[in-house]
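Peer 1: Handing you a structure now.
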Amino acid sequence: MKLIQEYLATEEEEKKKPIEITYSYWDGSGHRRQMEIEKGASIAQFLHRCRQALEKEFPELRASDATQLMYIKEDLIIPQHITFHELIKNKARGKSGPLFHFDAHEDVRMVNDVRVEKDESHAGKIVDRKWYDRNKHIFPASRWEMYDPGKTYAVYTVHGNVDHSVSVKEAEKAKASAAAAVPLS
């Protein structure tokens, strides 16, 4: 019982630690910013704070609220109820990189081999839902899909309209059969 209490106390302490998130408000072009927030904050709380910071420069955001914004990380639309702590703790992965790194590097798809997942990430995008609805047939929005923690992204290509994900069970089954095929010396 004491071990459980210690674990829960450690988890709560971890959730209160600040994290700096690099994001880009996306309206067809990127407007990169940074925001510091607690790891335990939900995507909805993050979007609310970002909207407040962005509305001075982007008047179209004044008429909307955080529920009209979307957070896209590594080509996945992250639901607003998920916390940054969950993504970090679970080491969640996206199509082209980790969902748990919130600093940004150059576009990892343009460096080296695009088929190999890097331990680097892009700045997450904050998008107005109306913009997404008008542009979801155009790159990059045509690549975005809802985040599903039950999927793993095994292959990445730069082509759209292809589901590269496999279920976790399928991935484990493929690993097991590959391991069984290797002869023991």
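Letters A, B, ... mark the chains of the structure tokens in the order given; residue numbers begin at 1 per chain; ligand numbers begin at 1, in order shown.
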Could you pull out the strand (DSSP E) residues of segment 24-155 of chain A, going by DSSP on the backbone, and write them as a ChimeraX atom specification?
Peer 2: /A:24-26,30-38,69-73,76-78,124-128,145-146,151-153
Peer 1: Store the residues picked out above, limited to C-alpha atoms, as a short mmCIF file (atom, residue, chain, number, x, y, z; two decimals), in the first residue's frame.
Peer 2:
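Written output follows (out.cif):
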data_model
loop_
_atom_site.label_atom_id
_atom_site.label_comp_id
_atom_site.auth_asym_id
_atom_site.auth_seq_id
_atom_site.Cartn_x
_atom_site.Cartn_y
_atom_site.Cartn_z
CA SER A 24 3.22 26.51 -34.78
CA TYR A 25 -0.09 28.25 -35.36
CA TRP A 26 -0.98 26.93 -38.81
CA GLY A 30 3.55 28.37 -39.85
CA HIS A 31 3.88 30.92 -37.06
CA ARG A 32 6.25 29.28 -34.56
CA ARG A 33 5.91 30.00 -30.85
CA GLN A 34 6.79 28.44 -27.50
CA MET A 35 4.67 27.95 -24.41
CA GLU A 36 5.56 26.64 -20.98
CA ILE A 37 2.89 24.56 -19.28
CA GLU A 38 2.69 21.79 -16.66
CA LEU A 69 -8.75 24.49 -32.20
CA MET A 70 -6.92 21.26 -32.96
CA TYR A 71 -3.42 20.13 -31.96
CA ILE A 72 -1.61 18.11 -34.62
CA LYS A 73 1.64 16.37 -33.73
CA LEU A 76 -1.87 12.94 -35.81
CA ILE A 77 -4.76 14.96 -34.40
CA ILE A 78 -4.36 14.66 -30.64
CA GLY A 124 3.14 20.59 -33.19
CA LYS A 125 0.58 22.53 -35.21
CA ILE A 126 -2.36 24.41 -33.78
CA VAL A 127 -5.10 24.68 -36.37
CA ASP A 128 -8.54 26.26 -36.41
CA GLU A 145 -5.69 11.44 -38.86
CA MET A 146 -7.01 10.99 -35.32
CA LYS A 151 -2.13 1.83 -33.24
CA THR A 152 1.55 1.76 -34.00
CA TYR A 153 3.01 3.40 -37.07
#
Peer 1: Based on the backbone DSSP call, show me all residues of segment 18-153 of chain A assigned helix (DSSP H, G or I), as a PyMOL selection string.
Peer 2: chain A and resi 43-54+59-61+66-68+84-89+108-110+129-135+141-143
Peer 1: Tell me, as an MDAnalysis selection string, which residues lie within 9 Å of Phe46 of chain A, counting only C-alpha atoms; anything in the same chain fewer than 4 positions away does not count.
Peer 2: chainID A and resid 35 37 41:42 50:51 66 80
Peer 1: If I take atom CA of Ser29 of chain A and atom CA of Gln45 of chain A, how far is one from the other in Å, to one decimal?
Peer 2: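 Those two atoms sit 23.6 Å apart.
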Peer 1: Using only C-alpha atoms, which residue out of A:Phe100, A:Gln68, A:Arg143, A:Asp148 lies closest to Lys130 of chain A?
Peer 2: A:Gln68
